[in-house]
Amino acid sequence: MVVVRLENITKIFEKKVVAADHITLTIKDGEFFTFLGPSGCGKTTLLRIIAGLEHPDEGKVYFDEVDITEMPPYKRETGMVFQNYALWPHMTVYENIAYGLKIRKLSKDEIHKRVMEVLDLVKLRGLENRFPTQLSGGQQQRVALARALVIRPKVLLLDEPLSNLDAKLRIEMREEIKQLQRKLGITTIYVTHDQEEAMVISDRIAVMRYGRIMQTGTPEDVYKRPENLFVATFLGRYSLINGIVDNINGNRVVLKFSWGKVTGVLTNNRYRLTKGDEAVAILRPEIFKVTKKNGEEMNTFTGNVEWVSFVGPYIQARIKLNSHSILVNLDPWVKASIGMPISVHASINDIIILPSKEGEVF
């Protein structure tokens, strides 16, 4: 396997579109690493630079300690799975998978051995004589994955490979891809705009915006300890309450707003907050519990249900609080109806506080 290192990678397209803005990053040996961000943030461009399909305007790409920036794609020993799978319709499953081995001039026996091994790996044995048009979307995705794996790459690159699948199949395939990656131990770099997919499948995530990496960390890090307001609001659902810092003790912040106060945790110690600063509380819907306490107690919110939906494992409701409203997840046995009064409570450690304007960094 291999360590992938990006050093000061910069890529600017026509009309001054910055796809990569001086990015320095190390992806560990055997790691499942994901670039996550909205469309146009530069995540696919970074993947293509690693693959050699794009050339950076500045910076270097290293595999272990070898500079491969000028190395052509076919010499980098990477396997890539594209968003549209890019299967040849006139070739059978076997021929599609074997193609990379043929151009490497392996013997017929070795090709057959490797193709059948990888067919077993992706659970497609018995379908080798079918054409892509005779396969389901999930089967086509497996063929594309098998074609990338059969060459035994040092690095596996996946560019939104599940985006063309229906919701249920996406869940099944992301679990299979993760299990396969763990079994092979191959360094894998994944691109997606789907937050849940990234959280489930990744060892670490780089959240991107406008060609920059806003935060890198484990799924738990980026979700529970976001370093800035963009990361906090890009991952998962949330409610925001803007206010003024009323008191601060270490990383605990009391935020005052027009109709009350809330206490939470400042998740990034690079920011300096003082009394009177503008800040925002980020409230995840899953942090709330129904309570009999009234709204005068800290972090207890009392209002009326203005919207409710049965999701299955939980009930999602929006509670109107004066000029604000908050989204909450309730246990499925809670009987919530529109107009019903309700009080919910959240722990201090579950409420994220961040500067509303990113504050002063030191």
# chains A, B, ... in the order shown; residues from 1 in each chain; ligands from 1

$ closest_atom_pairs --of "region 49-145 of chain A" --to "region 159-178 of chain A" --cutoff "9 Å" --atoms "only C-alpha atoms" --output "Markdown table"
| residue | atom | partner | partner_atom | distance |
| --- | --- | --- | --- | --- |
| A:Met80 | CA | A:Asp159 | CA | 7.7 |
| A:Val81 | CA | A:Asp159 | CA | 6.2 |
| A:Phe82 | CA | A:Asp159 | CA | 5.2 |
| A:Gln83 | CA | A:Pro161 | CA | 4.6 |
| A:Asn84 | CA | A:Pro161 | CA | 7.3 |
| A:Tyr85 | CA | A:Pro161 | CA | 7.2 |
| A:Val122 | CA | A:Glu176 | CA | 8.5 |
| A:Gly137 | CA | A:Leu165 | CA | 6.3 |
| A:Gly138 | CA | A:Leu169 | CA | 6.9 |
| A:Gln141 | CA | A:Pro161 | CA | 7.1 |
| A:Arg142 | CA | A:Met173 | CA | 8.7 |
| A:Ala144 | CA | A:Pro161 | CA | 8.9 |
| A:Leu145 | CA | A:Ile177 | CA | 8.8 |

$ write_last_selection --atoms "N, CA and C atoms" --output "PDB file, in the first residue's frame"
ATOM      1  N   MET A  80      -9.263   3.502 -10.827  1.00  0.00           N
ATOM      2  CA  MET A  80     -10.273   4.545 -10.660  1.00  0.00           C
ATOM      3  C   MET A  80     -11.648   4.047 -11.066  1.00  0.00           C
ATOM      4  N   VAL A  81     -12.647   4.373 -10.239  1.00  0.00           N
ATOM      5  CA  VAL A  81     -14.047   4.079 -10.544  1.00  0.00           C
ATOM      6  C   VAL A  81     -14.748   5.414 -10.758  1.00  0.00           C
ATOM      7  N   PHE A  82     -15.307   5.585 -11.963  1.00  0.00           N
ATOM      8  CA  PHE A  82     -15.929   6.851 -12.325  1.00  0.00           C
ATOM      9  C   PHE A  82     -17.406   6.868 -11.943  1.00  0.00           C
ATOM     10  N   GLN A  83     -17.966   8.075 -11.926  1.00  0.00           N
ATOM     11  CA  GLN A  83     -19.364   8.245 -11.551  1.00  0.00           C
ATOM     12  C   GLN A  83     -20.310   7.499 -12.487  1.00  0.00           C
ATOM     13  N   ASN A  84     -19.995   7.496 -13.778  1.00  0.00           N
ATOM     14  CA  ASN A  84     -20.876   6.834 -14.758  1.00  0.00           C
ATOM     15  C   ASN A  84     -20.391   5.423 -15.115  1.00  0.00           C
ATOM     16  N   TYR A  85     -19.433   4.894 -14.329  1.00  0.00           N
ATOM     17  CA  TYR A  85     -18.866   3.547 -14.452  1.00  0.00           C
ATOM     18  C   TYR A  85     -17.974   3.377 -15.677  1.00  0.00           C
ATOM     19  N   VAL A 122     -16.244  -9.459  -5.749  1.00  0.00           N
ATOM     20  CA  VAL A 122     -17.372  -8.522  -5.866  1.00  0.00           C
ATOM     21  C   VAL A 122     -18.704  -9.248  -6.088  1.00  0.00           C
ATOM     22  N   GLY A 137     -28.015  -1.631 -12.058  1.00  0.00           N
ATOM     23  CA  GLY A 137     -27.085  -0.564 -11.703  1.00  0.00           C
ATOM     24  C   GLY A 137     -26.047  -1.007 -10.691  1.00  0.00           C
ATOM     25  N   GLY A 138     -26.497  -1.772  -9.684  1.00  0.00           N
ATOM     26  CA  GLY A 138     -25.564  -2.261  -8.679  1.00  0.00           C
ATOM     27  C   GLY A 138     -24.540  -3.218  -9.246  1.00  0.00           C
ATOM     28  N   GLN A 141     -21.981  -1.256 -11.162  1.00  0.00           N
ATOM     29  CA  GLN A 141     -21.044  -0.623 -10.236  1.00  0.00           C
ATOM     30  C   GLN A 141     -19.996  -1.621  -9.765  1.00  0.00           C
ATOM     31  N   ARG A 142     -20.401  -2.859  -9.531  1.00  0.00           N
ATOM     32  CA  ARG A 142     -19.459  -3.899  -9.104  1.00  0.00           C
ATOM     33  C   ARG A 142     -18.446  -4.209 -10.205  1.00  0.00           C
ATOM     34  N   ALA A 144     -17.356  -2.095 -12.488  1.00  0.00           N
ATOM     35  CA  ALA A 144     -16.411  -0.980 -12.508  1.00  0.00           C
ATOM     36  C   ALA A 144     -15.408  -1.098 -11.365  1.00  0.00           C
ATOM     37  N   LEU A 145     -15.881  -1.524 -10.208  1.00  0.00           N
ATOM     38  CA  LEU A 145     -14.994  -1.713  -9.059  1.00  0.00           C
ATOM     39  C   LEU A 145     -14.029  -2.871  -9.304  1.00  0.00           C
TER      40      LEU A 145
END

$ select_by_dssp --residues "region 163-314 of chain A" --states "helix (DSSP H, G or I)" --output "ChimeraX atom specification"
/A:167-184,195-201,219-224,229-234,285-287

$ atom_distance --atom1 "CA of Arg318 (chain A)" --atom2 "CA of Pro219 (chain A)"
26.2 Å

$ residues_around --residues "Asn242 (chain A)" --least-positions-apart "4" --cutoff "8 Å" --atoms "only C-alpha atoms" --output "ChimeraX atom specification"
/A:257,278-281,356

$ closest_residue --among "A:Arg152, A:Met199, A:Gly42, A:Leu119" --to "Gly79 (chain A)" --atoms "only C-alpha atoms"
A:Arg152

$ closest_residue --among "A:His324, A:Ala19, A:Arg272, A:Pro285" --to "Trp259 (chain A)" --atoms "only C-alpha atoms"
A:His324

$ residues_around --residues "Arg5 (chain A)" --least-positions-apart "2" --cutoff "8 Å" --atoms "only C-alpha atoms" --output "short mmCIF file (atom, residue, chain, number, x, y, z; two decimals) with N, CA and C atoms, in the first residue's frame"
data_model
loop_
_atom_site.label_atom_id
_atom_site.label_comp_id
_atom_site.auth_asym_id
_atom_site.auth_seq_id
_atom_site.Cartn_x
_atom_site.Cartn_y
_atom_site.Cartn_z
N VAL A 3 1.30 5.74 1.12
CA VAL A 3 0.89 7.01 1.71
C VAL A 3 0.81 8.04 0.58
N GLU A 7 1.20 18.38 -1.57
CA GLU A 7 1.99 19.49 -1.04
C GLU A 7 1.72 20.76 -1.85
N THR A 24 -2.42 21.22 1.23
CA THR A 24 -1.40 20.31 1.75
C THR A 24 -2.10 19.29 2.64
N LEU A 25 -1.86 18.01 2.37
CA LEU A 25 -2.63 16.96 3.03
C LEU A 25 -1.89 15.64 2.94
N THR A 26 -2.00 14.82 3.98
CA THR A 26 -1.42 13.47 3.96
C THR A 26 -2.53 12.45 4.19
N ILE A 27 -2.61 11.46 3.31
CA ILE A 27 -3.57 10.36 3.42
C ILE A 27 -2.78 9.12 3.80
N VAL A 61 2.63 16.03 -5.91
CA VAL A 61 1.92 14.85 -5.44
C VAL A 61 2.96 13.76 -5.17
N TYR A 62 2.89 13.15 -3.99
CA TYR A 62 3.83 12.10 -3.62
C TYR A 62 3.08 10.81 -3.30
N PHE A 63 3.59 9.69 -3.79
CA PHE A 63 3.19 8.38 -3.32
C PHE A 63 4.35 7.86 -2.49
N ASP A 64 4.12 7.67 -1.19
CA ASP A 64 5.21 7.48 -0.24
C ASP A 64 6.14 8.69 -0.38
#

$ select_by_dssp --residues "region 179-309 of chain A" --states "strand (DSSP E)" --output "count of residues only"
62

$ residues_around --residues "Tyr223 (chain A)" --least-positions-apart "2" --cutoff "9 Å" --atoms "only C-alpha atoms" --output "count of residues only"
11

$ atom_distance --atom1 "CA of Lys108 (chain A)" --atom2 "CA of Lys154 (chain A)"
22.9 Å

$ residues_around --residues "Tyr314 (chain A)" --least-positions-apart "5" --cutoff "10 Å" --atoms "only C-alpha atoms" --output "ChimeraX atom specification"
/A:286,309,328-334

$ closest_residue --among "A:Glu58, A:Asp350, A:Asp203, A:Asp246" --to "Asp277 (chain A)" --atoms "only C-alpha atoms"
A:Asp246

$ residues_around --residues "Asp21 (chain A)" --least-positions-apart "4" --cutoff "8 Å" --atoms "only C-alpha atoms" --output "list in words"
Asn8, Ile9, Thr10, Lys11, Gly211 and Arg212 of chain A
